[in-house]
Amino acid sequence: MSRSLGKIAALIFVALIASGPAQAEQAFQTSVPSAILIDADSQTVLFEKNADAPETPASTAKIMTAELVFRALAQGRLKLDDMFEVSENAWRTGGAMARGSTMFAVLHSRIRVEDLIRGLVVVSGNDAAIVLAEGIAGSEGAFATRMTERARELGLTHTTFTNPWGQDDPDQKVTARDMANLAAYIIKTYPQYYHYFSEKDFTWDKIKQPNRNPLLAMDIGADGLKTGNIDNSGYGIVASAVQNGQRLILAIYGARTAKEREAEAVRIFQWGFRSFESKMLFKPGEIVGYADVYGGSTGYEPLVSEKPVRVLIPRNSDDKLHGQIVYTGPLVAPVSAGREVAQLRIFRGPNEILDVPLKTTTNIGVGSLQRRAMDASLEYAEEMFRKYVLKK
């Protein structure tokens with residue numbers, strides 16, 4: 001079963017959780033149908049509007065394409081100097097004759113992976129995406145399957161890909177929340193490759209094109225990721241910006257025009273940077289709460305986070321947050337230290353704004369026969385209480 005709050009965790013939250021961004025969020029509105037703004041360091045959700053609604057990603061799908069390329073590079077399965085050939089499919093479907101965004105790759109030419117990355121993330125080349133997909137997986141379809149599989153591995157449960165470049169397809173769907181979390185993962189995991197997103201322009205075959213991301217030219221600290229647009233789904237963007245050492249990540253979908261997308265993105269970023277302050281809830285290794293242990297030498301296990309647990313709270317607000325420690329329990333002895341067994345979840349009203357993994361801290365051996373018999377009796381009594389009393 002899922003258990004909330006260990007024996008002492010509730011007291012810790014009463015003492016430490018002060019205020020949350022509910023009031024600030026209610027006061028802020030955006031014209032775009034779907035949006036989310038998160039703080040990259042604390043993972044606090046600062047603002048959301050229909051963040052879990054299914055959206056057509058358009059060219060923001062190329063962020064997932066980039067993740068698979070970056071991962072292959074980081075694992076040594078691919079090198080920046082490797083060469084991939086431009087197939088007729090890539091040239092015809094994603095090239096100039098298709099009248100979409102393109103890096104103008106020449107049919108049957110061979111192009112370095114690094115140049116294809118620039119073609120993918122700087123000028124949003126559909127041909128670059130297809131060449132990379134075919135070079136890595138053999139076909140667009142096989143690569144798209146890997147994209148969805150990778151999304152599931154990263155916990156992006158509401159996202160499905162059917163092609164690597166954002167072609168309109170009713171089965172290709174993302175959410176603003178999933179895409180913001182994907183962006184956060186890429187920024188954290190691949191700093192050696194993330195810089196490609198911030199390059200101002202890219203020249204290929206003597207054709208110079210500016211970066212498709214308009215926020216890079218704005219004075220808000222923007223440093224990357226992608227725009228997207230398909231006529232029947234509107235304009236979207238997944239973007240990140242840094243001010244005074246703080247990084248925020250934004251995803252919006254469904255803007256009516258490119259101008260509205262740009263204006264709302266700038267406005268949301270500016271609001272986020274000026275409206276919140278950071279609050280430390282738990283230091284790394286500080287006990288957050290306790291999990292019950294069945295059949296052990298002791299009846300509970302201290303739980304900690306390896307990272308600082310921070311939230312951003314609105315300035316001059318008195319709204320409350322509440323938290324839960326959720327795990328499947330009780331834990332069964334023996335229990336080893338360093339196991340990830342629970343999640344710390346912090347809520348603002350009905351909205352979850354932070355989800356942090358918690359780990360065990362001590363080794364707990366199997367308890368005495370008397371202790372195990374007592375635990376079994378207590379567990380049986382609790383189960384009967386739930387079954388026959390709580391369900392009435």
# chains A, B, ... in the order shown; residues from 1 in each chain; ligands from 1
$ closest_atom_pairs --of "range 226-330 of chain A" --to "range 170-182 of chain A" --cutoff "10 Å" --atoms "only C-alpha atoms" --output "Markdown table"
| residue | atom | partner | partner_atom | distance |
| --- | --- | --- | --- | --- |
| A:Gly236 | CA | A:Ala176 | CA | 9.4 |
| A:Ile237 | CA | A:Ala176 | CA | 9.3 |
| A:Val238 | CA | A:Ala180 | CA | 6.6 |
| A:Ala239 | CA | A:Ala180 | CA | 8.1 |
| A:Ser240 | CA | A:Ala180 | CA | 9.0 |
| A:Leu248 | CA | A:Ala180 | CA | 9.7 |
| A:Ile249 | CA | A:Ala180 | CA | 6.2 |
| A:Leu250 | CA | A:Ala180 | CA | 6.2 |
| A:Ala251 | CA | A:Ala176 | CA | 5.3 |
| A:Ile252 | CA | A:Ala176 | CA | 6.2 |
| A:Tyr253 | CA | A:Ala176 | CA | 7.1 |
$ select_by_dssp --residues "range 64-313 of chain A" --states "strand (DSSP E)" --output "PyMOL selection string"
chain A and resi 83-85+110-112+201-204+207-210+222-230+234-243+246-255+276-282+287-294+300-304+309-313
$ residues_around --residues "range 116-129 of chain A" --least-positions-apart "4" --cutoff "8 Å" --atoms "only C-alpha atoms" --output "PyMOL selection string"
chain A and resi 59+62-63+65-66+90-91+93-95+100-105+111-112+133+164-165+196-202+209-213+225-226
$ write_last_selection --atoms "C-alpha atoms" --output "mmCIF file, in the first residue's frame"
data_model
loop_
_atom_site.group_PDB
_atom_site.id
_atom_site.type_symbol
_atom_site.label_atom_id
_atom_site.label_comp_id
_atom_site.auth_asym_id
_atom_site.auth_seq_id
_atom_site.Cartn_x
_atom_site.Cartn_y
_atom_site.Cartn_z
ATOM 1 C CA SER A 59 9.506 21.034 -34.057
ATOM 2 C CA LYS A 62 13.561 17.730 -32.050
ATOM 3 C CA ILE A 63 14.542 18.228 -28.406
ATOM 4 C CA THR A 65 15.854 13.764 -31.065
ATOM 5 C CA ALA A 66 18.739 15.793 -29.668
ATOM 6 C CA ALA A 90 15.714 13.047 -45.919
ATOM 7 C CA TRP A 91 16.342 15.276 -48.927
ATOM 8 C CA THR A 93 10.865 15.015 -47.074
ATOM 9 C CA GLY A 94 12.951 17.446 -45.061
ATOM 10 C CA GLY A 95 14.855 19.433 -47.655
ATOM 11 C CA GLY A 100 9.740 23.387 -44.279
ATOM 12 C CA SER A 101 12.637 24.363 -42.057
ATOM 13 C CA THR A 102 15.827 22.888 -43.512
ATOM 14 C CA MET A 103 19.604 23.051 -43.305
ATOM 15 C CA PHE A 104 19.711 22.569 -47.123
ATOM 16 C CA ALA A 105 21.506 19.226 -46.985
ATOM 17 C CA ILE A 111 27.690 15.361 -43.259
ATOM 18 C CA ARG A 112 29.443 15.329 -39.879
ATOM 19 C CA ALA A 133 17.463 9.322 -37.172
ATOM 20 C CA PRO A 164 11.987 12.733 -35.220
ATOM 21 C CA TRP A 165 11.254 16.158 -36.691
ATOM 22 C CA TYR A 196 24.569 24.141 -29.468
ATOM 23 C CA PHE A 197 21.067 25.387 -28.639
ATOM 24 C CA SER A 198 22.403 28.896 -27.943
ATOM 25 C CA GLU A 199 24.373 29.433 -31.176
ATOM 26 C CA LYS A 200 23.033 32.522 -32.880
ATOM 27 C CA ASP A 201 23.274 31.240 -36.474
ATOM 28 C CA PHE A 202 24.465 28.381 -38.639
ATOM 29 C CA GLN A 209 20.410 31.103 -41.207
ATOM 30 C CA PRO A 210 19.644 32.635 -37.795
ATOM 31 C CA ASN A 211 18.625 30.555 -34.795
ATOM 32 C CA ARG A 212 14.862 29.959 -34.872
ATOM 33 C CA ASN A 213 14.573 30.786 -31.153
ATOM 34 C CA LEU A 225 16.044 24.965 -26.760
ATOM 35 C CA LYS A 226 13.383 25.018 -29.481
#
$ select_by_dssp --residues "range 144-272 of chain A" --states "alpha helix (DSSP H)" --output "PDB file with N, CA and C atoms, in the first residue's frame"
ATOM      1  N   ALA A 144      11.905   6.816 -33.955  1.00  0.00           N
ATOM      2  CA  ALA A 144      10.768   7.329 -33.199  1.00  0.00           C
ATOM      3  C   ALA A 144      10.371   6.370 -32.081  1.00  0.00           C
ATOM      4  N   THR A 145      10.458   5.070 -32.355  1.00  0.00           N
ATOM      5  CA  THR A 145      10.196   4.081 -31.298  1.00  0.00           C
ATOM      6  C   THR A 145      11.171   4.260 -30.147  1.00  0.00           C
ATOM      7  N   ARG A 146      12.443   4.486 -30.485  1.00  0.00           N
ATOM      8  CA  ARG A 146      13.442   4.733 -29.445  1.00  0.00           C
ATOM      9  C   ARG A 146      13.136   6.021 -28.688  1.00  0.00           C
ATOM     10  N   MET A 147      12.636   7.031 -29.381  1.00  0.00           N
ATOM     11  CA  MET A 147      12.281   8.294 -28.721  1.00  0.00           C
ATOM     12  C   MET A 147      11.228   8.062 -27.640  1.00  0.00           C
ATOM     13  N   THR A 148      10.187   7.315 -27.981  1.00  0.00           N
ATOM     14  CA  THR A 148       9.129   7.052 -27.014  1.00  0.00           C
ATOM     15  C   THR A 148       9.642   6.186 -25.874  1.00  0.00           C
ATOM     16  N   GLU A 149      10.438   5.183 -26.186  1.00  0.00           N
ATOM     17  CA  GLU A 149      11.015   4.334 -25.140  1.00  0.00           C
ATOM     18  C   GLU A 149      11.878   5.160 -24.191  1.00  0.00           C
ATOM     19  N   ARG A 150      12.660   6.064 -24.755  1.00  0.00           N
ATOM     20  CA  ARG A 150      13.518   6.913 -23.921  1.00  0.00           C
ATOM     21  C   ARG A 150      12.671   7.864 -23.077  1.00  0.00           C
ATOM     22  N   ALA A 151      11.598   8.369 -23.647  1.00  0.00           N
ATOM     23  CA  ALA A 151      10.703   9.235 -22.882  1.00  0.00           C
ATOM     24  C   ALA A 151      10.177   8.502 -21.650  1.00  0.00           C
ATOM     25  N   ARG A 152       9.792   7.242 -21.810  1.00  0.00           N
ATOM     26  CA  ARG A 152       9.292   6.463 -20.677  1.00  0.00           C
ATOM     27  C   ARG A 152      10.396   6.256 -19.644  1.00  0.00           C
ATOM     28  N   GLU A 153      11.614   6.001 -20.093  1.00  0.00           N
ATOM     29  CA  GLU A 153      12.730   5.824 -19.161  1.00  0.00           C
ATOM     30  C   GLU A 153      12.958   7.082 -18.326  1.00  0.00           C
ATOM     31  N   ALA A 176       3.189  20.006 -21.867  1.00  0.00           N
ATOM     32  CA  ALA A 176       4.123  21.066 -21.478  1.00  0.00           C
ATOM     33  C   ALA A 176       4.991  20.607 -20.315  1.00  0.00           C
ATOM     34  N   ARG A 177       4.409  19.884 -19.354  1.00  0.00           N
ATOM     35  CA  ARG A 177       5.175  19.415 -18.201  1.00  0.00           C
ATOM     36  C   ARG A 177       6.282  18.443 -18.625  1.00  0.00           C
ATOM     37  N   ASP A 178       5.929  17.481 -19.472  1.00  0.00           N
ATOM     38  CA  ASP A 178       6.934  16.513 -19.928  1.00  0.00           C
ATOM     39  C   ASP A 178       8.075  17.202 -20.666  1.00  0.00           C
ATOM     40  N   MET A 179       7.741  18.161 -21.518  1.00  0.00           N
ATOM     41  CA  MET A 179       8.785  18.810 -22.314  1.00  0.00           C
ATOM     42  C   MET A 179       9.674  19.707 -21.455  1.00  0.00           C
ATOM     43  N   ALA A 180       9.104  20.363 -20.456  1.00  0.00           N
ATOM     44  CA  ALA A 180       9.922  21.157 -19.536  1.00  0.00           C
ATOM     45  C   ALA A 180      10.858  20.250 -18.747  1.00  0.00           C
ATOM     46  N   ASN A 181      10.350  19.104 -18.310  1.00  0.00           N
ATOM     47  CA  ASN A 181      11.198  18.156 -17.581  1.00  0.00           C
ATOM     48  C   ASN A 181      12.286  17.570 -18.475  1.00  0.00           C
ATOM     49  N   LEU A 182      11.961  17.335 -19.755  1.00  0.00           N
ATOM     50  CA  LEU A 182      12.975  16.864 -20.699  1.00  0.00           C
ATOM     51  C   LEU A 182      14.065  17.909 -20.870  1.00  0.00           C
ATOM     52  N   ALA A 183      13.672  19.158 -21.016  1.00  0.00           N
ATOM     53  CA  ALA A 183      14.657  20.233 -21.149  1.00  0.00           C
ATOM     54  C   ALA A 183      15.554  20.305 -19.930  1.00  0.00           C
ATOM     55  N   ALA A 184      14.968  20.197 -18.739  1.00  0.00           N
ATOM     56  CA  ALA A 184      15.759  20.233 -17.507  1.00  0.00           C
ATOM     57  C   ALA A 184      16.761  19.092 -17.466  1.00  0.00           C
ATOM     58  N   TYR A 185      16.335  17.919 -17.917  1.00  0.00           N
ATOM     59  CA  TYR A 185      17.235  16.759 -17.928  1.00  0.00           C
ATOM     60  C   TYR A 185      18.400  16.972 -18.884  1.00  0.00           C
ATOM     61  N   ILE A 186      18.128  17.485 -20.066  1.00  0.00           N
ATOM     62  CA  ILE A 186      19.191  17.715 -21.050  1.00  0.00           C
ATOM     63  C   ILE A 186      20.190  18.736 -20.531  1.00  0.00           C
ATOM     64  N   ILE A 187      19.699  19.828 -19.960  1.00  0.00           N
ATOM     65  CA  ILE A 187      20.588  20.874 -19.463  1.00  0.00           C
ATOM     66  C   ILE A 187      21.500  20.337 -18.368  1.00  0.00           C
ATOM     67  N   LYS A 188      20.948  19.511 -17.483  1.00  0.00           N
ATOM     68  CA  LYS A 188      21.725  18.966 -16.372  1.00  0.00           C
ATOM     69  C   LYS A 188      22.683  17.867 -16.822  1.00  0.00           C
ATOM     70  N   THR A 189      22.244  17.019 -17.749  1.00  0.00           N
ATOM     71  CA  THR A 189      22.991  15.808 -18.092  1.00  0.00           C
ATOM     72  C   THR A 189      24.023  16.026 -19.182  1.00  0.00           C
ATOM     73  N   PRO A 191      25.821  19.093 -20.342  1.00  0.00           N
ATOM     74  CA  PRO A 191      26.323  20.474 -20.456  1.00  0.00           C
ATOM     75  C   PRO A 191      27.326  20.641 -21.583  1.00  0.00           C
ATOM     76  N   GLN A 192      28.005  19.550 -21.949  1.00  0.00           N
ATOM     77  CA  GLN A 192      29.007  19.632 -23.017  1.00  0.00           C
ATOM     78  C   GLN A 192      28.374  19.771 -24.399  1.00  0.00           C
ATOM     79  N   TYR A 193      27.071  19.523 -24.513  1.00  0.00           N
ATOM     80  CA  TYR A 193      26.385  19.627 -25.797  1.00  0.00           C
ATOM     81  C   TYR A 193      25.264  20.670 -25.803  1.00  0.00           C
ATOM     82  N   TYR A 194      24.806  21.056 -24.635  1.00  0.00           N
ATOM     83  CA  TYR A 194      23.682  21.993 -24.564  1.00  0.00           C
ATOM     84  C   TYR A 194      23.988  23.316 -25.274  1.00  0.00           C
ATOM     85  N   ALA A 258       3.226  33.816 -33.781  1.00  0.00           N
ATOM     86  CA  ALA A 258       4.613  33.834 -33.313  1.00  0.00           C
ATOM     87  C   ALA A 258       4.849  35.013 -32.375  1.00  0.00           C
ATOM     88  N   LYS A 259       4.183  36.138 -32.660  1.00  0.00           N
ATOM     89  CA  LYS A 259       4.335  37.319 -31.816  1.00  0.00           C
ATOM     90  C   LYS A 259       3.789  37.065 -30.416  1.00  0.00           C
ATOM     91  N   GLU A 260       2.623  36.409 -30.316  1.00  0.00           N
ATOM     92  CA  GLU A 260       2.060  36.098 -29.008  1.00  0.00           C
ATOM     93  C   GLU A 260       2.971  35.121 -28.260  1.00  0.00           C
ATOM     94  N   ARG A 261       3.491  34.116 -28.946  1.00  0.00           N
ATOM     95  CA  ARG A 261       4.410  33.157 -28.317  1.00  0.00           C
ATOM     96  C   ARG A 261       5.600  33.877 -27.703  1.00  0.00           C
ATOM     97  N   GLU A 262       6.210  34.782 -28.459  1.00  0.00           N
ATOM     98  CA  GLU A 262       7.377  35.506 -27.976  1.00  0.00           C
ATOM     99  C   GLU A 262       7.020  36.410 -26.797  1.00  0.00           C
ATOM    100  N   ALA A 263       5.941  37.152 -26.936  1.00  0.00           N
ATOM    101  CA  ALA A 263       5.564  38.108 -25.891  1.00  0.00           C
ATOM    102  C   ALA A 263       5.211  37.398 -24.590  1.00  0.00           C
ATOM    103  N   GLU A 264       4.455  36.308 -24.675  1.00  0.00           N
ATOM    104  CA  GLU A 264       4.058  35.587 -23.471  1.00  0.00           C
ATOM    105  C   GLU A 264       5.253  34.885 -22.828  1.00  0.00           C
ATOM    106  N   ALA A 265       6.156  34.351 -23.625  1.00  0.00           N
ATOM    107  CA  ALA A 265       7.352  33.710 -23.070  1.00  0.00           C
ATOM    108  C   ALA A 265       8.183  34.715 -22.288  1.00  0.00           C
ATOM    109  N   VAL A 266       8.407  35.883 -22.865  1.00  0.00           N
ATOM    110  CA  VAL A 266       9.179  36.922 -22.177  1.00  0.00           C
ATOM    111  C   VAL A 266       8.477  37.344 -20.891  1.00  0.00           C
ATOM    112  N   ARG A 267       7.164  37.535 -20.960  1.00  0.00           N
ATOM    113  CA  ARG A 267       6.408  37.992 -19.801  1.00  0.00           C
ATOM    114  C   ARG A 267       6.441  36.967 -18.664  1.00  0.00           C
ATOM    115  N   ILE A 268       6.303  35.678 -19.017  1.00  0.00           N
ATOM    116  CA  ILE A 268       6.315  34.631 -17.989  1.00  0.00           C
ATOM    117  C   ILE A 268       7.696  34.531 -17.345  1.00  0.00           C
ATOM    118  N   PHE A 269       8.747  34.579 -18.155  1.00  0.00           N
ATOM    119  CA  PHE A 269      10.097  34.543 -17.593  1.00  0.00           C
ATOM    120  C   PHE A 269      10.326  35.728 -16.654  1.00  0.00           C
ATOM    121  N   GLN A 270       9.974  36.919 -17.081  1.00  0.00           N
ATOM    122  CA  GLN A 270      10.205  38.105 -16.257  1.00  0.00           C
ATOM    123  C   GLN A 270       9.447  38.008 -14.938  1.00  0.00           C
ATOM    124  N   TRP A 271       8.210  37.552 -15.002  1.00  0.00           N
ATOM    125  CA  TRP A 271       7.412  37.371 -13.785  1.00  0.00           C
ATOM    126  C   TRP A 271       8.073  36.355 -12.850  1.00  0.00           C
ATOM    127  N   GLY A 272       8.536  35.232 -13.408  1.00  0.00           N
ATOM    128  CA  GLY A 272       9.144  34.202 -12.582  1.00  0.00           C
ATOM    129  C   GLY A 272      10.399  34.680 -11.875  1.00  0.00           C
TER     130      GLY A 272
END
$ closest_residue --among "A:Ser139, A:Phe70, A:Pro314, A:Ala222" --to "Phe28 in chain A" --atoms "only C-alpha atoms"
A:Pro314
$ closest_residue --among "A:Ser109, A:Thr328, A:Thr257, A:Thr159" --to "Ser87 in chain A" --atoms "only C-alpha atoms"
A:Ser109
$ closest_residue --among "A:Glu352, A:Glu55, A:Asp292, A:Glu340" --to "Tyr235 in chain A" --atoms "only C-alpha atoms"
A:Glu55
$ atom_distance --atom1 "CA of Gly166 in chain A" --atom2 "CA of Leu132 in chain A"
13.9 Å
$ decode --residues "range 130-169 of chain A" --atoms "N, CA and C atoms" --output "JSON list (two decimals), in the first residue's frame"
[["chain", "number", "residue", "atom", "x", "y", "z"],
["A", 130, "ILE", "N", 16.04, 13.93, -39.86],
["A", 130, "ILE", "CA", 15.84, 12.65, -40.55],
["A", 130, "ILE", "C", 17.18, 11.95, -40.78],
["A", 131, "VAL", "N", 18.20, 12.70, -41.20],
["A", 131, "VAL", "CA", 19.52, 12.10, -41.43],
["A", 131, "VAL", "C", 20.06, 11.49, -40.13],
["A", 132, "LEU", "N", 19.92, 12.20, -39.02],
["A", 132, "LEU", "CA", 20.39, 11.68, -37.74],
["A", 132, "LEU", "C", 19.60, 10.43, -37.34],
["A", 133, "ALA", "N", 18.30, 10.47, -37.53],
["A", 133, "ALA", "CA", 17.46, 9.32, -37.17],
["A", 133, "ALA", "C", 17.83, 8.10, -37.99],
["A", 134, "GLU", "N", 17.99, 8.27, -39.30],
["A", 134, "GLU", "CA", 18.34, 7.14, -40.16],
["A", 134, "GLU", "C", 19.74, 6.65, -39.87],
["A", 135, "GLY", "N", 20.66, 7.57, -39.60],
["A", 135, "GLY", "CA", 22.03, 7.17, -39.32],
["A", 135, "GLY", "C", 22.17, 6.40, -38.02],
["A", 136, "ILE", "N", 21.36, 6.73, -37.02],
["A", 136, "ILE", "CA", 21.46, 6.07, -35.72],
["A", 136, "ILE", "C", 20.63, 4.80, -35.65],
["A", 137, "ALA", "N", 19.40, 4.85, -36.18],
["A", 137, "ALA", "CA", 18.48, 3.72, -35.99],
["A", 137, "ALA", "C", 18.11, 3.00, -37.27],
["A", 138, "GLY", "N", 18.52, 3.52, -38.44],
["A", 138, "GLY", "CA", 18.22, 2.86, -39.69],
["A", 138, "GLY", "C", 17.00, 3.41, -40.41],
["A", 139, "SER", "N", 16.05, 3.96, -39.65],
["A", 139, "SER", "CA", 14.85, 4.53, -40.26],
["A", 139, "SER", "C", 14.21, 5.51, -39.28],
["A", 140, "GLU", "N", 13.35, 6.38, -39.82],
["A", 140, "GLU", "CA", 12.63, 7.32, -38.96],
["A", 140, "GLU", "C", 11.75, 6.57, -37.95],
["A", 141, "GLY", "N", 11.06, 5.55, -38.43],
["A", 141, "GLY", "CA", 10.16, 4.81, -37.55],
["A", 141, "GLY", "C", 10.87, 4.15, -36.39],
["A", 142, "ALA", "N", 12.00, 3.50, -36.69],
["A", 142, "ALA", "CA", 12.76, 2.84, -35.63],
["A", 142, "ALA", "C", 13.28, 3.85, -34.63],
["A", 143, "PHE", "N", 13.71, 5.01, -35.12],
["A", 143, "PHE", "CA", 14.21, 6.06, -34.23],
["A", 143, "PHE", "C", 13.08, 6.61, -33.37],
["A", 144, "ALA", "N", 11.90, 6.82, -33.95],
["A", 144, "ALA", "CA", 10.77, 7.33, -33.20],
["A", 144, "ALA", "C", 10.37, 6.37, -32.08],
["A", 145, "THR", "N", 10.46, 5.07, -32.35],
["A", 145, "THR", "CA", 10.20, 4.08, -31.30],
["A", 145, "THR", "C", 11.17, 4.26, -30.15],
["A", 146, "ARG", "N", 12.44, 4.49, -30.49],
["A", 146, "ARG", "CA", 13.44, 4.73, -29.44],
["A", 146, "ARG", "C", 13.14, 6.02, -28.69],
["A", 147, "MET", "N", 12.64, 7.03, -29.38],
["A", 147, "MET", "CA", 12.28, 8.29, -28.72],
["A", 147, "MET", "C", 11.23, 8.06, -27.64],
["A", 148, "THR", "N", 10.19, 7.32, -27.98],
["A", 148, "THR", "CA", 9.13, 7.05, -27.01],
["A", 148, "THR", "C", 9.64, 6.19, -25.87],
["A", 149, "GLU", "N", 10.44, 5.18, -26.19],
["A", 149, "GLU", "CA", 11.01, 4.33, -25.14],
["A", 149, "GLU", "C", 11.88, 5.16, -24.19],
["A", 150, "ARG", "N", 12.66, 6.06, -24.75],
["A", 150, "ARG", "CA", 13.52, 6.91, -23.92],
["A", 150, "ARG", "C", 12.67, 7.86, -23.08],
["A", 151, "ALA", "N", 11.60, 8.37, -23.65],
["A", 151, "ALA", "CA", 10.70, 9.24, -22.88],
["A", 151, "ALA", "C", 10.18, 8.50, -21.65],
["A", 152, "ARG", "N", 9.79, 7.24, -21.81],
["A", 152, "ARG", "CA", 9.29, 6.46, -20.68],
["A", 152, "ARG", "C", 10.40, 6.26, -19.64],
["A", 153, "GLU", "N", 11.61, 6.00, -20.09],
["A", 153, "GLU", "CA", 12.73, 5.82, -19.16],
["A", 153, "GLU", "C", 12.96, 7.08, -18.33],
["A", 154, "LEU", "N", 12.69, 8.24, -18.91],
["A", 154, "LEU", "CA", 12.89, 9.51, -18.22],
["A", 154, "LEU", "C", 11.66, 9.95, -17.43],
["A", 155, "GLY", "N", 10.63, 9.10, -17.42],
["A", 155, "GLY", "CA", 9.42, 9.43, -16.66],
["A", 155, "GLY", "C", 8.46, 10.33, -17.37],
["A", 156, "LEU", "N", 8.63, 10.49, -18.68],
["A", 156, "LEU", "CA", 7.72, 11.34, -19.47],
["A", 156, "LEU", "C", 6.56, 10.47, -19.95],
["A", 157, "THR", "N", 5.62, 10.25, -19.07],
["A", 157, "THR", "CA", 4.61, 9.22, -19.29],
["A", 157, "THR", "C", 3.48, 9.64, -20.22],
["A", 158, "HIS", "N", 3.36, 10.93, -20.50],
["A", 158, "HIS", "CA", 2.26, 11.40, -21.35],
["A", 158, "HIS", "C", 2.74, 11.82, -22.74],
["A", 159, "THR", "N", 3.92, 11.36, -23.11],
["A", 159, "THR", "CA", 4.54, 11.79, -24.36],
["A", 159, "THR", "C", 4.77, 10.59, -25.27],
["A", 160, "THR", "N", 4.38, 10.74, -26.54],
["A", 160, "THR", "CA", 4.57, 9.69, -27.54],
["A", 160, "THR", "C", 5.07, 10.34, -28.83],
["A", 161, "PHE", "N", 6.09, 9.74, -29.42],
["A", 161, "PHE", "CA", 6.66, 10.26, -30.67],
["A", 161, "PHE", "C", 6.45, 9.27, -31.80],
["A", 162, "THR", "N", 6.19, 9.80, -32.99],
["A", 162, "THR", "CA", 6.06, 8.96, -34.18],
["A", 162, "THR", "C", 7.04, 9.35, -35.27],
["A", 163, "ASN", "N", 7.73, 10.48, -35.10],
["A", 163, "ASN", "CA", 8.75, 10.88, -36.07],
["A", 163, "ASN", "C", 9.73, 11.83, -35.37],
["A", 164, "PRO", "N", 10.94, 11.99, -35.93],
["A", 164, "PRO", "CA", 11.99, 12.73, -35.22],
["A", 164, "PRO", "C", 12.01, 14.22, -35.47],
["A", 165, "TRP", "N", 11.12, 14.75, -36.33],
["A", 165, "TRP", "CA", 11.25, 16.16, -36.69],
["A", 165, "TRP", "C", 10.00, 17.01, -36.46],
["A", 166, "GLY", "N", 8.93, 16.39, -35.98],
["A", 166, "GLY", "CA", 7.75, 17.17, -35.64],
["A", 166, "GLY", "C", 6.67, 17.20, -36.69],
["A", 167, "GLN", "N", 6.75, 16.29, -37.65],
["A", 167, "GLN", "CA", 5.71, 16.21, -38.66],
["A", 167, "GLN", "C", 4.35, 15.99, -37.99],
["A", 168, "ASP", "N", 3.32, 16.64, -38.50],
["A", 168, "ASP", "CA", 2.00, 16.54, -37.90],
["A", 168, "ASP", "C", 1.50, 15.10, -37.96],
["A", 169, "ASP", "N", 1.11, 14.58, -36.81],
["A", 169, "ASP", "CA", 0.62, 13.21, -36.70],
["A", 169, "ASP", "C", -0.28, 13.17, -35.47]]
